[in-house]
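Have a look at data.pdb below; it lists PDB, C-alpha atoms.
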ATOM      1  CA  PHE A 108     -21.783 -11.785  -4.270
ATOM      2  CA  ARG A 109     -19.900 -11.056  -7.483
ATOM      3  CA  ASN A 110     -21.809  -8.800  -9.889
ATOM      4  CA  CYS A 111     -24.473  -7.897  -7.297
ATOM      5  CA  THR A 112     -24.640  -4.346  -8.598
ATOM      6  CA  ALA A 113     -27.649  -3.432  -6.438
ATOM      7  CA  LEU A 114     -25.849  -4.355  -3.216
ATOM      8  CA  ALA A 115     -25.429  -1.088  -1.297
ATOM      9  CA  GLN A 116     -24.329  -2.296   2.146
ATOM     10  CA  ILE A 117     -22.687  -5.360   3.646
ATOM     11  CA  ASP A 118     -22.645  -6.450   7.288
ATOM     12  CA  LEU A 119     -19.969  -9.076   7.721
ATOM     13  CA  PRO A 120     -19.871 -11.246  10.874
ATOM     14  CA  ASN A 121     -17.125 -10.724  13.427
ATOM     15  CA  SER A 122     -16.234 -14.398  13.127
ATOM     16  CA  LEU A 123     -15.191 -14.038   9.476
ATOM     17  CA  THR A 124     -11.478 -14.760   8.991
ATOM     18  CA  ALA A 125     -11.038 -14.762   5.182
ATOM     19  CA  LEU A 126     -12.453 -13.071   2.078
ATOM     20  CA  HIS A 127     -11.650 -14.901  -1.146
ATOM     21  CA  TYR A 128     -11.005 -13.830  -4.712
ATOM     22  CA  ASN A 129     -13.751 -11.689  -6.289
ATOM     23  CA  ALA A 130     -16.058 -12.194  -3.295
ATOM     24  CA  PHE A 131     -17.643  -8.781  -3.892
ATOM     25  CA  ALA A 132     -16.249  -7.952  -7.331
ATOM     26  CA  ASN A 133     -18.279  -5.568  -9.502
ATOM     27  CA  CYS A 134     -20.607  -4.632  -6.627
ATOM     28  CA  THR A 135     -20.879  -1.101  -7.949
ATOM     29  CA  GLY A 136     -23.510  -0.096  -5.396
ATOM     30  CA  LEU A 137     -21.031  -0.259  -2.508
ATOM     31  CA  THR A 138     -19.679   3.109  -1.322
ATOM     32  CA  ALA A 139     -18.181   2.120   2.050
ATOM     33  CA  VAL A 140     -16.991  -1.130   3.618
ATOM     34  CA  GLU A 141     -16.153  -1.936   7.237
ATOM     35  CA  LEU A 142     -14.204  -5.169   7.496
ATOM     36  CA  PRO A 143     -14.473  -7.259  10.691
ATOM     37  CA  LEU A 144     -11.626  -7.118  13.187
ATOM     38  CA  ALA A 145     -10.930 -10.863  13.056
ATOM     39  CA  LEU A 146     -10.341 -10.891   9.297
ATOM     40  CA  THR A 147      -6.780 -12.107   8.722
ATOM     41  CA  GLY A 148      -6.802 -13.025   5.026
ATOM     42  CA  ILE A 149      -8.142 -10.922   2.151
ATOM     43  CA  ALA A 150      -7.693 -12.104  -1.409
ATOM     44  CA  ALA A 151      -6.463 -10.112  -4.360
ATOM     45  CA  GLY A 152      -9.451  -8.608  -6.150
ATOM     46  CA  ALA A 153     -11.921  -9.338  -3.352
ATOM     47  CA  PHE A 154     -13.610  -5.996  -4.120
ATOM     48  CA  GLU A 155     -12.372  -5.651  -7.694
ATOM     49  CA  ASN A 156     -14.083  -2.979  -9.800
ATOM     50  CA  CYS A 157     -16.363  -1.708  -7.036
ATOM     51  CA  THR A 158     -16.174   1.613  -8.830
ATOM     52  CA  ASN A 159     -18.178   3.630  -6.293
ATOM     53  CA  LEU A 160     -16.292   2.418  -3.230
ATOM     54  CA  GLU A 161     -14.755   5.447  -1.521
ATOM     55  CA  GLU A 162     -14.133   4.401   2.069
ATOM     56  CA  VAL A 163     -12.632   1.251   3.563
ATOM     57  CA  LEU A 164     -12.073   0.471   7.240
ATOM     58  CA  LEU A 165      -9.306  -2.109   7.337
ATOM     59  CA  PRO A 166      -9.302  -4.939   9.891
ATOM     60  CA  ILE A 167      -6.775  -4.853  12.708
ATOM     61  CA  GLY A 168      -5.977  -8.528  12.210
ATOM     62  CA  TRP A 169      -5.143  -8.418   8.485
ATOM     63  CA  ARG A 170      -1.946 -10.428   8.062
ATOM     64  CA  THR A 171      -2.072 -12.002   4.585
ATOM     65  CA  LEU A 172      -3.017 -11.022   1.052
ATOM     66  CA  LEU A 173      -4.290 -14.204  -0.568
ATOM     67  CA  GLY A 174      -3.600 -14.780  -4.256
ATOM     68  CA  THR A 175      -6.301 -15.207  -6.872
ATOM     69  CA  ASN A 176      -6.174 -18.935  -6.157
ATOM     70  CA  ASN A 177      -6.822 -18.066  -2.495
ATOM     71  CA  GLY A 178      -3.194 -18.425  -1.535
ATOM     72  CA  THR A 179      -2.432 -21.963  -2.754
ATOM     73  CA  ASN A 180       0.190 -23.120  -5.218
ATOM     74  CA  TRP A 181       1.268 -19.680  -6.348
ATOM     75  CA  SER A 182       4.733 -18.192  -6.216
ATOM     76  CA  ASP A 183       5.514 -14.502  -5.901
ATOM     77  CA  GLY A 184       6.589 -14.512  -9.538
ATOM     78  CA  ASN A 185       3.014 -14.996 -10.736
ATOM     79  CA  ASP A 186       1.067 -11.812 -11.421
ATOM     80  CA  VAL A 187      -1.812 -12.817  -9.171
ATOM     81  CA  TYR A 188      -1.135 -10.601  -6.167
ATOM     82  CA  THR A 189      -2.937  -7.292  -6.495
ATOM     83  CA  SER A 190      -4.826  -5.073  -4.097
ATOM     84  CA  PRO A 191      -8.182  -6.404  -2.875
ATOM     85  CA  PHE A 192      -9.543  -3.067  -4.124
ATOM     86  CA  ILE A 193      -8.036  -2.994  -7.608
ATOM     87  CA  GLY A 194     -10.277  -1.131 -10.028
ATOM     88  CA  CYS A 195     -12.008   0.803  -7.229
ATOM     89  CA  THR A 196     -11.413   4.086  -9.002
ATOM     90  CA  LYS A 197     -12.967   6.313  -6.319
ATOM     91  CA  LEU A 198     -10.751   4.925  -3.567
ATOM     92  CA  THR A 199      -8.186   7.720  -3.781
ATOM     93  CA  THR A 200      -7.307   8.213  -0.112
ATOM     94  CA  LEU A 201      -6.530   5.621   2.514
ATOM     95  CA  THR A 202      -6.279   6.140   6.254
ATOM     96  CA  VAL A 203      -4.942   3.123   8.086
ATOM     97  CA  PRO A 204      -6.532   2.804  11.552
ATOM     98  CA  GLU A 205      -4.424   3.510  14.631
ATOM     99  CA  GLU A 206      -4.530  -0.050  15.958
ATOM    100  CA  ILE A 207      -2.865  -1.578  12.903
ATOM    101  CA  THR A 208       0.840  -2.343  13.337
ATOM    102  CA  ALA A 209       1.699  -3.928   9.977
ATOM    103  CA  LEU A 210       0.626  -4.006   6.339
ATOM    104  CA  PRO A 211       1.038  -7.397   4.669
ATOM    105  CA  LYS A 212       3.054  -8.206   1.602
ATOM    106  CA  HIS A 213       1.367  -7.022  -1.633
ATOM    107  CA  ALA A 214      -1.359  -5.250   0.414
ATOM    108  CA  PHE A 215      -2.175  -2.479  -2.095
ATOM    109  CA  ARG A 216      -0.192  -3.644  -5.102
ATOM    110  CA  LYS A 217      -1.351  -1.949  -8.319
ATOM    111  CA  GLN A 218      -3.896   0.188  -6.465
ATOM    112  CA  THR A 219      -3.460   2.926  -9.049
ATOM    113  CA  SER A 220      -6.368   5.003  -7.701
ATOM    114  CA  LEU A 221      -4.480   5.938  -4.523
ATOM    115  CA  THR A 222      -3.062   9.460  -4.307
ATOM    116  CA  SER A 223      -2.731   9.769  -0.531
ATOM    117  CA  VAL A 224      -2.013   7.320   2.288
ATOM    118  CA  THR A 225      -2.012   8.109   6.012
ATOM    119  CA  LEU A 226      -0.178   5.626   8.222
ATOM    120  CA  PRO A 227      -0.800   5.515  11.985
ATOM    121  CA  GLU A 228       1.676   6.064  14.780
ATOM    122  CA  THR A 229       1.220   2.393  15.655
ATOM    123  CA  MET A 230       2.681   1.201  12.338
ATOM    124  CA  ILE A 231       5.793  -0.946  12.767
ATOM    125  CA  SER A 232       6.310  -2.614   9.402
ATOM    126  CA  ILE A 233       5.309  -2.391   5.740
ATOM    127  CA  GLY A 234       5.513  -5.615   3.745
ATOM    128  CA  ALA A 235       7.287  -6.163   0.453
ATOM    129  CA  TYR A 236       5.467  -4.807  -2.626
ATOM    130  CA  ALA A 237       2.797  -3.287  -0.340
ATOM    131  CA  PHE A 238       2.399  -0.213  -2.568
ATOM    132  CA  HIS A 239       4.040  -1.592  -5.701
ATOM    133  CA  ASN A 240       2.854   0.221  -8.854
ATOM    134  CA  CYS A 241       0.728   2.759  -6.984
ATOM    135  CA  LYS A 242       1.459   5.118  -9.839
ATOM    136  CA  TYR A 243      -0.431   8.181  -8.569
ATOM    137  CA  LEU A 244       0.679   8.128  -4.925
ATOM    138  CA  GLU A 245       2.363  11.503  -4.491
ATOM    139  CA  THR A 246       3.401  12.038  -0.868
ATOM    140  CA  LEU A 247       4.019   9.823   2.116
ATOM    141  CA  THR A 248       4.752  10.376   5.800
ATOM    142  CA  LEU A 249       6.358   7.483   7.619
ATOM    143  CA  PRO A 250       5.465   7.342  11.338
ATOM    144  CA  SER A 251       7.990   7.452  14.167
ATOM    145  CA  THR A 252       7.115   3.887  15.193
ATOM    146  CA  LEU A 253       8.135   2.403  11.841
ATOM    147  CA  THR A 254      11.100   0.032  12.080
ATOM    148  CA  GLN A 255      10.859  -2.029   8.899
ATOM    149  CA  VAL A 256      10.026  -1.398   5.234
ATOM    150  CA  ASP A 257      10.542  -4.481   3.111
ATOM    151  CA  GLU A 258      11.892  -4.761  -0.409
ATOM    152  CA  MET A 259      10.158  -3.072  -3.319
ATOM    153  CA  ALA A 260       7.464  -1.688  -1.014
ATOM    154  CA  PHE A 261       6.982   1.351  -3.273
ATOM    155  CA  TYR A 262       8.478  -0.041  -6.478
ATOM    156  CA  ASN A 263       7.280   1.777  -9.614
ATOM    157  CA  SER A 264       5.261   4.341  -7.682
ATOM    158  CA  ASP A 265       6.232   6.893 -10.282
ATOM    159  CA  ALA A 266       4.449   9.951  -8.873
ATOM    160  CA  LEU A 267       5.878   9.558  -5.381
ATOM    161  CA  GLU A 268       8.079  12.580  -4.907
ATOM    162  CA  THR A 269       8.192  13.443  -1.209
ATOM    163  CA  VAL A 270       8.781  11.066   1.678
ATOM    164  CA  THR A 271       8.764  12.532   5.178
ATOM    165  CA  PHE A 272      10.245  10.602   8.076
ATOM    166  CA  ALA A 273       8.599  11.482  11.393
ATOM    167  CA  SER A 274      10.928  12.141  14.294
ATOM    168  CA  GLY A 275      12.207   8.825  15.536
ATOM    169  CA  ALA A 276      11.470   6.836  12.372
ATOM    170  CA  LEU A 277      14.139   4.545  10.994
ATOM    171  CA  LYS A 278      16.953   6.176   9.058
ATOM    172  CA  PRO A 279      16.251   6.321   5.310
ATOM    173  CA  SER A 280      19.644   4.876   4.455
ATOM    174  CA  LEU A 281      18.704   1.651   6.231
ATOM    175  CA  TRP A 282      16.183   0.687   3.579
ATOM    176  CA  LEU A 283      16.013   3.098   0.634
ATOM    177  CA  GLU A 284      19.228   1.728  -0.777
ATOM    178  CA  SER A 285      19.679  -1.778   0.591
ATOM    179  CA  LEU A 286      16.066  -2.873   0.152
ATOM    180  CA  CYS A 287      15.266  -0.857  -2.978
ATOM    181  CA  ALA A 288      11.963   0.238  -1.466
ATOM    182  CA  PHE A 289      11.680   3.041  -4.013
ATOM    183  CA  ALA A 290      13.338   1.347  -6.986
ATOM    184  CA  GLU A 291      12.165   2.500 -10.422
ATOM    185  CA  CYS A 292      10.299   5.567  -9.197
ATOM    186  CA  GLU A 293      10.844   7.938 -12.109
ATOM    187  CA  LYS A 294      11.072  11.197 -10.153
ATOM    188  CA  PRO A 295      13.948  11.918  -7.729
ATOM    189  CA  GLN A 296      12.593  11.332  -4.244
ATOM    190  CA  HIS A 297      12.734  14.201  -1.786
ATOM    191  CA  ILE A 298      13.534  12.652   1.580
ATOM    192  CA  ILE A 299      12.668  14.841   4.570
ATOM    193  CA  TYR A 300      14.542  13.481   7.562
ATOM    194  CA  ARG A 301      15.031  15.454  10.794
ATOM    195  CA  ASP A 302      14.149  18.628   8.893
ATOM    196  CA  ALA A 303      16.943  18.063   6.375
ATOM    197  CA  ILE A 304      15.874  17.654   2.744
ATOM    198  CA  LEU A 305      17.723  14.901   0.936
ATOM    199  CA  ALA A 306      17.305  13.504  -2.556
ATOM    200  CA  LYS A 307      17.722   9.940  -3.727
ATOM    201  CA  THR A 308      19.359   9.629  -7.121
ATOM    202  CA  LYS A 309      18.692   6.840  -9.603
ATOM    203  CA  GLU A 310      22.062   5.420  -8.580
ATOM    204  CA  GLY A 311      20.743   4.965  -5.045
ATOM    205  CA  GLN A 312      22.715   7.792  -3.442
ATOM    206  CA  LEU A 313      21.258  10.035  -0.762
ATOM    207  CA  LEU A 314      22.473  13.606  -1.237
ATOM    208  CA  PRO A 315      21.618  16.948   0.329
ATOM    209  CA  MET A 316      19.140  18.613  -2.012
ATOM    210  CA  GLU A 317      21.533  21.384  -2.941
ATOM    211  CA  GLU A 318      24.035  18.775  -4.169
ATOM    212  CA  TYR A 319      21.527  16.841  -6.240
ATOM    213  CA  PRO A 320      22.788  16.941  -9.855
ATOM    214  CA  HIS A 321      19.431  17.987 -11.341
ATOM    215  CA  ALA A 322      18.060  20.165  -8.515
TER     216      ALA A 322
END

Will you turn the file into structure tokens for me?
Amino acid sequence: FRNCTALAQIDLPNSLTALHYNAFANCTGLTAVELPLALTGIAAGAFENCTNLEEVLLPIGWRTLLGTNNGTNWSDGNDVYTSPFIGCTKLTTLTVPEEITALPKHAFRKQTSLTSVTLPETMISIGAYAFHNCKYLETLTLPSTLTQVDEMAFYNSDALETVTFASGALKPSLWLESLCAFAECEKPQHIIYRDAILAKTKEGQLLPMEEYPHA
């Protein structure tokens, strides 16, 4: 359906398990998409440049981001893993449904349109590079159910300034330093954990805000 600019609505079957590269690319008539629950694989760029797409209901079963070659013969070093919604400039907010427990590796990589993400209280893990290069993502609240954030999950998300850990969420020191989840974010991160405000320095230290060298 690539370049079907007049396509305004899609009704995908519940039996669908994969959406491949550029399946609905440049379908500028789409404003909202509901993906079937059984969908487990979505390719990078599946909805690339759907510039009027504002709302996406993610599938509960999403486990894998397929590469531009639909997941075959590519290594992580190749720049072929990007968000399925890359270039969807009106997709600025994302609310992940309550039933979803994990976001796959590379899920929203280079989704530069995102400014706000809401994660559910069912979320357990966030895959590596999931929000890599989301350059306009500003604030993030991590739910109390979260137990794992993999490496480089928010790498180069330069605008991300405040990260709030809900009561019961994993300790920030368990992953901010050892897994470099926020590596290369230009601004010092404000980490709100159990009502205490901490700051992460470029050297990877977590300090009380009043002790931060540039506060």

Who sits within 12 Å of Ala115 in chain A, only C-alpha atoms, same chain under 2 positions skipped, as a VMD selection string | chain A and resid 108 111 to 113 117 to 118 131 133 to 140 157 159 to 160

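If you count all atoms listed in the file and ignore residues fewer than 5 places along the chain from Thr208 in chain A, what sits within 9 Å of it is Ile167, Pro227, Glu228, Thr229, Met230, Ile231, Ser232, Ile233 and Leu253 of chain A.
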
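Using all atoms listed in the file, the protein and nucleic acid residues lying at most 10 Å from the point (-5.0, -3.2, -6.2) are Ala151, Gly152, Ala153, Phe154, Glu155, Asn156, Tyr188, Thr189, Ser190, Pro191, Phe192, Ile193, Gly194, Cys195, His213, Ala214, Phe215, Arg216, Lys217, Gln218, Thr219, Ser220, Leu221, Ala237, Phe238, His239, Asn240 and Cys241 of chain A.
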
Separation of CA of Glu206 in chain A from CA of Tyr243 in chain A, in Å and rounded to one decimal = 26.2 Å

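Take the candidates A:Leu164, A:Leu172, A:Leu114, A:Leu226 and check each one against Leu126 in chain A using only C-alpha atoms; the shortest distance goes to A:Leu172.
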
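Counting from CA of Leu201 in chain A, the distance to CA of Val163 in chain A is 7.6 Å.
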